[in-house]
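Working notes for the structure below.
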Amino acid sequence: MIMTLKLTKEHILENILKGKRLDSRKLDEYREIKIETGVSKKAEGSAKVTIGETIVLAGVKMATATPYPDTPEEGVMTTSAEYLPMGAPEFESGPPREDEIILGRVVDRAIRESKCIDFKKLCIEPKEKVWMVFVDILVMNHDGNLFDACGLAAIAALKDAKMPTLTDDDTIDHENLKGSLPIKGTPITIAVKCYKGKYILDTNADEGEALTSQIIVGSNDDGTVSSLQKCGTEGITKKEIADMLKLAVDTSKKIRAKHFK
Amino acid sequence: MIMTLKLTKEHILENILKGKRLDSRKLDEYREIKIETGVSKKAEGSAKVTIGETIVLAGVKMATATPYPDTPEEGVMTTSAEYLPMGAPEFESGPPREDEIILGRVVDRAIRESKCIDFKKLCIEPKEKVWMVFVDILVMNHDGNLFDACGLAAIAALKDAKMPTLTDDDTIDHENLKGSLPIKGTPITIAVKCYKGKYILDTNADEGEALTSQIIVGSNDDGTVSSLQKCGTEGITKKEIADMLKLAVDTSKKIRAKHFK
Amino acid sequence: MIMTLKLTKEHILENILKGKRLDSRKLDEYREIKIETGVSKKAEGSAKVTIGETIVLAGVKMATATPYPDTPEEGVMTTSAEYLPMGAPEFESGPPREDEIILGRVVDRAIRESKCIDFKKLCIEPKEKVWMVFVDILVMNHDGNLFDACGLAAIAALKDAKMPTLTDDDTIDHENLKGSLPIKGTPITIAVKCYKGKYILDTNADEGEALTSQIIVGSNDDGTVSSLQKCGTEGITKKEIADMLKLAVDTSKKIRAKHFK
Amino acid sequence: MTKSERADNRKLDEIRPMKMKVGVIKRADGSAEVEFGDTKVVAAVYGPRQIHPRHQERPDRSVLRCRYNMLPFSVSDRKRPGYDRRSTELGKVITESLQPALFLEEFPKTAIDIDMEITQADAGTRAAAINAASLALAHAGIPMRDLVTSVAAGRANKKLLLDMTKEEEDAPDAIDLPMAMMPRTGKVTLLQMDGIVSPEDIEKIVDLAEIGCMKIYEAQKKALHEKYRS
Amino acid sequence: MTKSERADNRKLDEIRPMKMKVGVIKRADGSAEVEFGDTKVVAAVYGPRQIHPRHQERPDRSVLRCRYNMLPFSVSDRKRPGYDRRSTELGKVITESLQPALFLEEFPKTAIDIDMEITQADAGTRAAAINAASLALAHAGIPMRDLVTSVAAGRANKKLLLDMTKEEEDAPDAIDLPMAMMPRTGKVTLLQMDGIVSPEDIEKIVDLAEIGCMKIYEAQKKALHEKYRS
Amino acid sequence: MTKSERADNRKLDEIRPMKMKVGVIKRADGSAEVEFGDTKVVAAVYGPRQIHPRHQERPDRSVLRCRYNMLPFSVSDRKRPGYDRRSTELGKVITESLQPALFLEEFPKTAIDIDMEITQADAGTRAAAINAASLALAHAGIPMRDLVTSVAAGRANKKLLLDMTKEEEDAPDAIDLPMAMMPRTGKVTLLQMDGIVSPEDIEKIVDLAEIGCMKIYEAQKKALHEKYRS
């Protein structure tokens with residue numbers, strides 16, 4: 001899948017300038033996206049997202065915690081992404097690498113900043129006890145476009161999740177679930193890569209090696225944007241920013257319409 | 001003590017096939033076992049076990065802790081084994097290695113699964129406060145057969161231990177001890193090595209390098225078995241399992257009779 | 001600044017035997033010392049100390065904590081020193097190195113053992129809640145004599161510190177400060193190096209590489225000593241100890257008089 | 001009580017519904033997904049390949065390295081990511097259960113890495129992981145003496161049982177004996193046990209586990225055939 | 001409300017009082033201290049130099065490594081020393097914001113290390129850190145295509161603002177957009193954003209940030225001239 | 001009160017009952033066990049030997065590495081295993097106390113490793129550890145200028161005392177001064193102190209510690225003779 005030869009990289013770039021891709025997709029064309037929910041019975045919510053050969057799992061677990069002193073009546077969420085060693089030959093288990101941290105934080109911000117979760121409703125007792133939502137995202141097979149895949153998996157797992165209940169002696173009953181998480185809307189994360197004025201969506205692993213400049217856009221049902229992050233070691237112009245923003249918002253609408261009715 | 005030459009290994013194996021050992025012991029013959037208790041005054045209980053040149057120290061300390069939610073009226077025990085850097089040239093201090101973890105966990109299970117400790121009696125206040133028993137086992141000189149030595153040291157230290165008391169303001173008084181731990185019976189861990197139909201007990205360091213296949217059996221006063229673990233990279237037959245089980249149980253009876261009246 | 005050539009080291013040592021230094025200071029002469037306080041608005045107290053080109057920052061932060069069981073009515077203090085990567089080409093970020101740990105612990109002891117802080121006054125509620133004082137010392141540019149610089153920065157930051165207040169719901173208000181920390185006196189840490197009967201103060205980075213034997217003395221306003229530590233891989237005589245002690249106490253008096261009226 | 005009276009209506013020597021699928025992780029050299037009832041595991045193999053860190057390299061053989069990992073949401077109370085003592089132990093005993101089937105001396109100076117991820121845990125995770133790893137090794141084309149096949153047998157409520165559920169494992173008299181073997185030679189390559197039992201009963205439970213292994217062996221071979229037929 | 005009505009009486013497109021000083025850390029190859037209002041940062045550069053650990057070495061270029069670190073007392077509640085996820089992320093995005101300005105291929109097999117220490121934090125720390133790092137690189141004599149210059153713009157209380165304070169960032173409708181650019185070419189090298197906003201408003205905020213960058217660029221050049229005049 | 005009035009009836013300049021035994025850890029190149037009252041320590045030496053990790057190697061000398069470790073059950077409240085700041089500090093100061101007695105330049109590119117394990121702690125553990133390490137070095141046949149010998153002296157309840165107990169260390173006016181020396185030359189190789197005291201009293205306490213070191217030196221020599229006589 002990954003051809004490490006320099007030739008491949010140059011070949012990919014030459015084709016993109018002509019508006020072509022090696023797998024004959026258009027520059028803004030996605031591979032097939034599949035979203036399955038409820039894939040792990042032990043999780044409060046879970047989702048498996050495949051985009052082409054890329055496979056990502058996300059699971060939601062809940063626990064109780066003390067709220068932060070500055071938001072004594074709000075629940076908390078923590079999102080992290082991890083590359084499983086099985087996901088690619090170059091992944092190895094160990095402390096979280098920069099790329100994993102950024103992946104987790106970008107997905108986290110897209111969800112958090114969209115304010116789609118009503119954290120006030122996750123308060124059990126002000127100042128004392130709130131629900132803590134863990135979103136764990138695992139990359140099982142890496143064939144590119146992890147930002148889109150992880151963002152979709154996270155929001156799909158959150159929307160799939162049911163609330164656990166508290167027993168009389170205040171322990172959590174993970175079997176007896178009741179109602180969904182308080183979520184409104186579907187924030188979606190889209191990575192748009194750019195190369196000499198061309199904009200490319202859903203890059204596979206080889207393309208991702210060749211194309212590093214990108215912005216990742218988290219946007220909402222109403223077309224607003226709630227998070228933005230540029231990655232890569234090349235500068236981009238203001239015009240490119242505006243174009244890529246528009247492309248990301250439009251693309252998120254299509255995906256939302258198709259996969260989250 | 002450890003001769004690393006391949007010759008040594010072959011020499012050991014050839015002799016074993018003839019039923020002989022380099023130090024002229026029989027295959028099922030132990031080196032001298034010595035068990036001293038009360039070797040560290042600061043510990044609630046302690047024991048030093050020597051088997052030939054192998055030296056192992058175990059100490060018991062107690063603290064208070066919150067019980068696990070699923071056993072709100074039971075105390076807890078944690079057992080760990082560590083190779084001290086002094087124990088052999090190849091030991092180095094650092095994070096626990098696989099072998100140390102398995103050594104600690106096998107000894108832990110032999111004691112825990114025998115149910116010799118009445119954890120209910122280690123409850124101070126249900127759901128709130130129980131006794132936590134720490135068993136720390138240290139390998140001071142490694143000349144083989146660490147499973148037997150560590151198992152003996154752990155149970156001897158537990159049987160030697162006295163309960164600390166709680167002061168009026170709920171701190172632990174380690175000077176004012178009162179009564180033994182609630183222990184019945186003497187689970188004993190025996191490692192039986194096998195090589196082409198021969199069963200060997202109490203291997204020294206050189207023999208241990210040459211012979212890796214073994215089962216470690218935790219057994220009790222009444223001849224029942226409460227833990228079992230195969231180690232080593234060779235398969236064994238069902239007949240060998242049955243033979244080794246019997247040998248382990250018989251051996252544990254002899255050691256129990258001699259060292260724990 | 002650091003000349004790593006052996007020649008430099010020998011040159012430094014030859015000169016010291018003649019009572020001379022490469023920068024033409026006398027053996028007991030300091031470079032210029034500057035102490036600025038209030039250098040970080042977010043800290044409860046802070047100080048920047050420069051001695052020649054050496055720059056050290058110290059900051060005090062306070063938090064609440066549970067007291068130690070054996071001192072249920074006393075606040076606690078923790079002091080640590082860290083080499084910032086910017087401080088010298090040989091510093092690298094990572095786990096604390098031996099030298100950093102010793103630097104932090106020597107400064108901590110000089111302050112703690114002088115009993116200049118009245119820890120009883122840092123009790124909020126006996127057994128339950130006390131103030132915890134964090135003193136963080138950072139080496140920003142290392143041109144020698146870190147013990148003196150860090151000791152001065154720590155005590156200057158502590159004397160600069162104001163107490164935060166507690167809000168009605170027991171959170172800390174770091175904006176609303178009230179009164180100083182309960183500190184009496186000014187313990188000062190002086191490192192005296194010795195070489196063949198010569199005593200040298202305030203060594204720069206090159207000199208510090210050449211001269212490793214030293215004692216570090218923490219002393220007080222009344223001329224008493226409250227901490228002492230020998231460092232370096234050479235032995236010293238009893239007479240040298242006595243001489244160096246006296247030199248350190250006298251020097252601390254001069255510095256105290258000049259910089260802490 | 002009849003033989004079929006288990007909470008899930010299985011017979012005493014019946015294995016939970018199994019699913020096995022080979023070739024689920026495209027980037028890996030070999031992979032498989034295995035389900036036993038509500039226990040699910042994915043295993044993937046990389047290798048033989050260059051070994052990092054290099055000091056682990058052996059001049060005369062390949063080094064087999066197995067990682068056993070539970071995903072954070074595979075259990076009721078979230079599991080903190082990262083190694084713990086249990087997973088370290090299981091990585092080691094699983095390595096030892098698979099090694100007898102491999103010809104490591106044929107691939108000197110390399111590593112064979114197996115990553116086993118438990119995606120849903122309901123008893124028998126180590127046996128499921130071994131079965132999946134064994135399929136993934138075969139799928140990777142790594143030469144093997146035999147498939148390694150694994151199941152736990154044990155006792156609950158005075159009955160000897162095959163492939164216990166979490167519920168059965170919680171019985172007051174429960175004993176749990178996970179075993180792995182190479183069916184062609186009958187050699188046992190993993191054997192662990194917890195719980196008080198007589199040596200005679202251990203032999204019966206080992207026999208029961210052997211029966212289970214034979215059934216699983218057939219299922220493994222079928223899964224491999226399906227992969228290569230398609 | 002007039003345009004000048006911000007809590008600190010600044011105009012909407014006004015930057016907080018700036019101080020920039022080059023050459024503050026003698027041991028380093030280059031260094032600078034930068035203040036924006038109550039935010040203070042010191043940056044120092046070492047390199048190009050030999051790289052440790054050696055496996056990070058690249059045969060065809062220098063490796064730029066940026067550390068962003070908040071001192072424990074730079075914030076209200078003491079920050080535990082050591083890396084956290086936020087500082088790891090910022091180290092990475094700051095690296096990417098500076099790299100386009102450098103000629104890393106001219107120094108193969110070396111590292112260029114930048115240490116940025118936040119001594120006092122009141123919003124805009126990453127922008128201040130980039131400005132300081134850029135000055136430190138220039139001071140170290142490392143060839144650059146352009147200075148990199150950075151500021152955050154955003155929205156608070158329905159107004160679009162430049163260089164927000166911590167107070168402004170806490171407004172219920174706040175959005176914060178830190179940006180870095182190379183002024184000569186107008187290429188944006190860092191862009192992040194949090195908070196709900198329309199794509200059109202993003203464009204306006206980017207324009208505002210660009211105005212800020214131009215002002216900071218002048219201040220940076222002045223600070224370098226002062227250093228070299230003296 | 002007479003001079004002999006200490007809680008344990010010792011004289012002010014009397015050392016607690018000592019036991020010293022050489023050669024207690026067979027695998028080590030040298031070893032010793034030392035007791036001072038209720039303080040017990042075992043020390044063992046490996047080396048000169050190849051050094052790992054290799055980057056610690058020095059071309060012109062051996063590297064002395066000392067580990068000081070308290071066993072978890074050597075103190076009243078269990079000590080968590082693993083390094084802490086105190087044990088790191090003690091490892092370093094003990095290294096510096098022993099190094100002056102060794103000829104490290106005779107064993108370039110090697111390590112000499114000393115492991116000191118406190119099995120029972122009741123004051124004076126670092127002094128006991130140094131005495132044991134010194135015996136272990138001699139037992140390992142490593143050439144030394146002199147044995148290093150160590151004891152703590154100090155003050156409690158207004159009296160200057162040798163070899164204080166934990167109880168004495170807890171007196172409100174306590175000062176504790178651990179010292180090590182090479183008796184033949186009188187060179188002090190370790191000196192630490194905590195507690196408020198005049199410079200004049202420090203000199204007296206150092207004199208007292210010197211007296212203690214001389215007594216311990218005799219005991220060390222006797223322990224070595226006993227080992228080699230037998």
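Going by the structure tokens order, chains are called A, B, ..., each with residues numbered from 1, while ligands are numbered from 1 in the order shown.
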Which neighbours of C:Gly59 fall inside 10 Å, counting only C-alpha atoms, when residues of the same chain fewer than 3 positions from it are skipped, and could you give them as a ChimeraX atom specification?
/C:37-48,134-138,153-154,156-158,160-161 /E:71-74,78,119
Skipping near chain neighbours, those fewer than 5 positions away, what residues fall within 9 Å of stretch 23-40 of chain D using only C-alpha atoms, listed as a count of residues only?
48
Least-squares superpose chain F onto chain E - every C-alpha atom, paired in order - and show me the moved coordinates as a compact mmCIF listing (two decimals) with C-alpha atoms, in the first residue's frame.
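Here's the written file superposed_32.txt:
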# COMPACT_ATOMS: atom_id res chain seq x y z
CA MET F 1 -19.77 51.92 22.45
CA THR F 2 -16.92 53.31 20.48
CA LYS F 3 -14.24 51.28 18.77
CA SER F 4 -11.77 51.95 21.54
CA GLU F 5 -13.88 50.39 24.23
CA ARG F 6 -11.90 47.39 25.38
CA ALA F 7 -11.34 46.77 29.07
CA ASP F 8 -7.76 47.94 28.71
CA ASN F 9 -8.74 50.90 26.49
CA ARG F 10 -7.12 49.51 23.39
CA LYS F 11 -8.56 49.94 19.93
CA LEU F 12 -10.02 46.81 18.35
CA ASP F 13 -7.00 46.40 16.10
CA GLU F 14 -4.45 47.46 18.68
CA ILE F 15 -1.78 45.14 20.03
CA ARG F 16 -0.94 45.13 23.75
CA PRO F 17 2.24 47.01 24.70
CA MET F 18 5.16 45.04 23.29
CA LYS F 19 8.73 44.67 24.48
CA MET F 20 11.33 42.80 22.49
CA LYS F 21 14.94 42.29 23.46
CA VAL F 22 17.48 40.25 21.57
CA GLY F 23 20.46 38.50 23.18
CA VAL F 24 19.32 37.73 26.73
CA ILE F 25 20.80 34.22 27.21
CA LYS F 26 24.57 34.34 26.82
CA ARG F 27 25.26 30.61 26.53
CA ALA F 28 22.79 30.20 23.66
CA ASP F 29 23.64 30.78 20.01
CA GLY F 30 20.71 33.17 19.78
CA SER F 31 18.03 34.38 22.16
CA ALA F 32 15.24 36.89 22.69
CA GLU F 33 12.73 37.95 25.29
CA VAL F 34 9.29 39.10 24.16
CA GLU F 35 6.42 40.63 26.13
CA PHE F 36 2.84 41.26 25.00
CA GLY F 37 1.07 42.90 27.91
CA ASP F 38 1.34 40.45 30.78
CA THR F 39 2.54 37.59 28.61
CA LYS F 40 6.29 37.05 28.73
CA VAL F 41 8.44 34.51 26.97
CA VAL F 42 12.15 33.83 26.60
CA ALA F 43 13.37 31.86 23.60
CA ALA F 44 16.86 30.54 22.94
CA VAL F 45 18.38 28.71 20.00
CA TYR F 46 21.19 26.15 19.92
CA GLY F 47 22.40 24.95 16.54
CA PRO F 48 22.89 23.84 13.94
CA ARG F 49 24.63 21.24 16.10
CA GLN F 50 25.15 17.51 16.38
CA ILE F 51 21.90 15.70 17.02
CA HIS F 52 21.12 13.46 20.00
CA PRO F 53 19.65 10.86 20.03
CA ARG F 54 21.43 9.97 16.81
CA HIS F 55 18.56 8.05 15.25
CA GLN F 56 16.77 11.40 14.73
CA GLU F 57 19.51 12.47 12.32
CA ARG F 58 18.43 13.14 8.72
CA PRO F 59 20.97 12.73 5.94
CA ASP F 60 19.54 15.51 3.79
CA ARG F 61 18.54 18.23 6.22
CA SER F 62 18.65 19.71 9.68
CA VAL F 63 15.93 18.73 12.15
CA LEU F 64 14.14 21.64 13.79
CA ARG F 65 13.02 20.81 17.34
CA CYS F 66 10.92 23.26 19.32
CA ARG F 67 10.08 22.98 23.01
CA TYR F 68 7.21 25.11 24.35
CA ASN F 69 7.11 25.08 28.14
CA MET F 70 5.19 27.02 30.77
CA LEU F 71 7.10 27.64 33.97
CA PRO F 72 5.29 26.26 37.01
CA PHE F 73 4.55 29.75 38.36
CA SER F 74 3.56 31.35 35.05
CA VAL F 75 -0.12 30.59 35.66
CA SER F 76 -2.54 31.01 38.59
CA ASP F 77 -2.69 27.35 39.59
CA ARG F 78 0.81 25.95 39.60
CA LYS F 79 1.59 23.91 36.53
CA ARG F 80 3.29 20.61 37.26
CA PRO F 81 6.64 20.47 35.49
CA GLY F 82 6.99 18.05 32.61
CA TYR F 83 5.42 17.54 29.24
CA ASP F 84 1.70 17.37 28.77
CA ARG F 85 -0.38 16.88 25.64
CA ARG F 86 -0.92 20.60 25.13
CA SER F 87 2.77 21.49 25.21
CA THR F 88 3.58 18.57 22.91
CA GLU F 89 1.00 19.84 20.43
CA LEU F 90 2.27 23.41 20.63
CA GLY F 91 5.88 22.29 20.17
CA LYS F 92 4.81 20.60 16.95
CA VAL F 93 2.67 23.41 15.50
CA ILE F 94 5.33 25.99 16.36
CA THR F 95 7.94 23.83 14.60
CA GLU F 96 5.72 23.78 11.54
CA SER F 97 5.19 27.54 11.72
CA LEU F 98 8.93 28.30 11.69
CA GLN F 99 10.17 25.61 9.32
CA PRO F 100 8.96 27.29 6.09
CA ALA F 101 11.28 30.22 6.83
CA LEU F 102 14.42 28.10 7.22
CA PHE F 103 16.85 26.45 4.81
CA LEU F 104 17.12 23.18 6.70
CA GLU F 105 18.60 21.38 3.70
CA GLU F 106 21.74 23.50 4.08
CA PHE F 107 22.64 21.85 7.40
CA PRO F 108 22.30 18.10 6.90
CA LYS F 109 22.70 15.74 9.87
CA THR F 110 22.27 18.51 12.44
CA ALA F 111 19.63 19.74 14.87
CA ILE F 112 18.40 23.26 15.44
CA ASP F 113 16.90 23.36 18.93
CA ILE F 114 14.65 26.13 20.18
CA ASP F 115 13.62 26.33 23.81
CA MET F 116 10.69 28.64 24.55
CA GLU F 117 9.91 29.27 28.19
CA ILE F 118 6.71 31.07 29.17
CA THR F 119 7.58 32.99 32.31
CA GLN F 120 4.22 34.75 32.63
CA ALA F 121 1.06 33.69 30.84
CA ASP F 122 -1.85 35.96 29.98
CA ALA F 123 -3.21 34.84 26.57
CA GLY F 124 -1.31 34.78 23.31
CA THR F 125 1.58 32.70 24.63
CA ARG F 126 2.07 30.69 21.44
CA ALA F 127 2.17 33.84 19.30
CA ALA F 128 4.64 35.48 21.68
CA ALA F 129 6.74 32.31 21.65
CA ILE F 130 6.88 32.25 17.84
CA ASN F 131 7.89 35.92 17.71
CA ALA F 132 10.64 35.32 20.26
CA ALA F 133 11.83 32.15 18.53
CA SER F 134 11.99 33.94 15.22
CA LEU F 135 14.15 36.71 16.74
CA ALA F 136 16.37 34.13 18.42
CA LEU F 137 16.90 32.33 15.11
CA ALA F 138 17.90 35.60 13.44
CA HIS F 139 20.18 36.43 16.36
CA ALA F 140 21.84 33.03 16.02
CA GLY F 141 22.71 33.95 12.45
CA ILE F 142 20.66 31.10 10.99
CA PRO F 143 19.70 32.02 7.40
CA MET F 144 15.97 32.70 6.99
CA ARG F 145 13.68 33.51 4.07
CA ASP F 146 11.86 35.96 6.31
CA LEU F 147 11.10 36.54 9.95
CA VAL F 148 8.03 34.63 11.12
CA THR F 149 5.60 36.84 12.93
CA SER F 150 2.55 35.81 14.89
CA VAL F 151 -0.50 37.15 16.69
CA ALA F 152 -3.95 35.94 17.66
CA ALA F 153 -7.10 37.68 16.49
CA GLY F 154 -10.64 36.75 17.34
CA ARG F 155 -14.02 37.79 18.58
CA ALA F 156 -15.41 38.70 21.97
CA ASN F 157 -18.71 40.31 22.86
CA LYS F 158 -19.62 40.51 19.18
CA LYS F 159 -16.54 42.54 18.25
CA LEU F 160 -13.65 41.36 16.13
CA LEU F 161 -10.44 42.03 18.06
CA LEU F 162 -6.71 41.79 17.72
CA ASP F 163 -4.46 40.27 20.39
CA MET F 164 -7.09 39.32 22.96
CA THR F 165 -6.47 39.23 26.70
CA LYS F 166 -7.36 36.29 28.92
CA GLU F 167 -10.46 38.18 29.99
CA GLU F 168 -11.61 38.68 26.42
CA GLU F 169 -10.97 35.03 25.64
CA ASP F 170 -13.44 34.14 28.40
CA ALA F 171 -16.38 35.95 26.75
CA PRO F 172 -19.26 33.58 26.01
CA ASP F 173 -19.04 34.14 22.25
CA ALA F 174 -15.25 34.19 22.16
CA ILE F 175 -13.34 32.79 19.27
CA ASP F 176 -9.58 32.72 19.22
CA LEU F 177 -7.51 32.41 16.04
CA PRO F 178 -3.74 32.33 16.47
CA MET F 179 -1.93 32.87 13.18
CA ALA F 180 1.66 33.12 12.01
CA MET F 181 2.94 34.34 8.70
CA MET F 182 5.99 35.32 6.70
CA PRO F 183 5.12 38.95 5.93
CA ARG F 184 7.14 39.27 2.73
CA THR F 185 5.19 36.60 0.88
CA GLY F 186 2.00 36.70 2.91
CA LYS F 187 2.20 32.94 3.46
CA VAL F 188 0.39 31.73 6.55
CA THR F 189 2.44 29.18 8.49
CA LEU F 190 0.28 28.67 11.57
CA LEU F 191 -3.48 28.75 11.76
CA GLN F 192 -5.62 27.41 14.53
CA MET F 193 -9.06 28.34 15.75
CA ASP F 194 -11.57 27.46 18.42
CA GLY F 195 -15.17 28.67 18.70
CA ILE F 196 -18.27 28.83 16.51
CA VAL F 197 -18.08 31.31 13.66
CA SER F 198 -19.09 31.68 10.02
CA PRO F 199 -16.56 31.12 7.23
CA GLU F 200 -17.03 34.79 6.26
CA ASP F 201 -16.05 36.00 9.72
CA ILE F 202 -12.99 33.75 9.66
CA GLU F 203 -11.81 35.63 6.59
CA LYS F 204 -12.25 38.95 8.41
CA ILE F 205 -10.38 37.69 11.43
CA VAL F 206 -7.56 36.42 9.26
CA ASP F 207 -7.35 39.91 7.70
CA LEU F 208 -7.17 41.44 11.17
CA ALA F 209 -4.43 39.02 12.21
CA GLU F 210 -2.51 39.93 9.06
CA ILE F 211 -2.62 43.61 10.05
CA GLY F 212 -1.28 42.64 13.48
CA CYS F 213 1.52 40.57 12.00
CA MET F 214 2.68 43.55 9.93
CA LYS F 215 2.95 45.73 13.03
CA ILE F 216 4.82 43.04 14.91
CA TYR F 217 7.15 42.56 11.95
CA GLU F 218 8.23 46.20 12.30
CA ALA F 219 8.83 45.76 16.02
CA GLN F 220 10.89 42.62 15.39
CA LYS F 221 13.08 44.35 12.82
CA LYS F 222 13.57 47.27 15.19
CA ALA F 223 14.65 44.93 18.02
CA LEU F 224 17.21 43.29 15.75
CA HIS F 225 18.55 46.67 14.60
CA GLU F 226 18.89 47.82 18.18
CA LYS F 227 20.88 44.71 19.02
CA TYR F 228 23.26 45.19 16.15
CA ARG F 229 23.57 48.95 16.50
CA SER F 230 24.71 48.62 20.09
Residues of chain B that approach chain A to 12 Å or less, counting only C-alpha atoms: could you list each one with the shortest pair of atoms and its distance in Å to one decimal, rows by chain and increasing residue number, as a tab-separated table?
residue	atom	partner	partner_atom	distance
B:Tyr68	CA	A:Thr171	CA	11.0
B:Pro69	CA	A:Thr171	CA	7.5
B:Asp70	CA	A:Thr171	CA	9.5
B:Pro72	CA	A:Asp169	CA	11.1
B:Lys127	CA	A:Asp169	CA	9.7
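Atom CA of A:Ile33 sits 6.8 Å away from atom CA of A:Gly52.
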For stretch 10-23 of chain A, list every protein, DNA or RNA residue within 10 Å, evaluated using only C-alpha atoms, and leave out those in the same chain fewer than 2 positions away; present the list as a PyMOL selection string.
chain A and resi 5-8+25-29+31+194-200+203-204+206-207+209-211
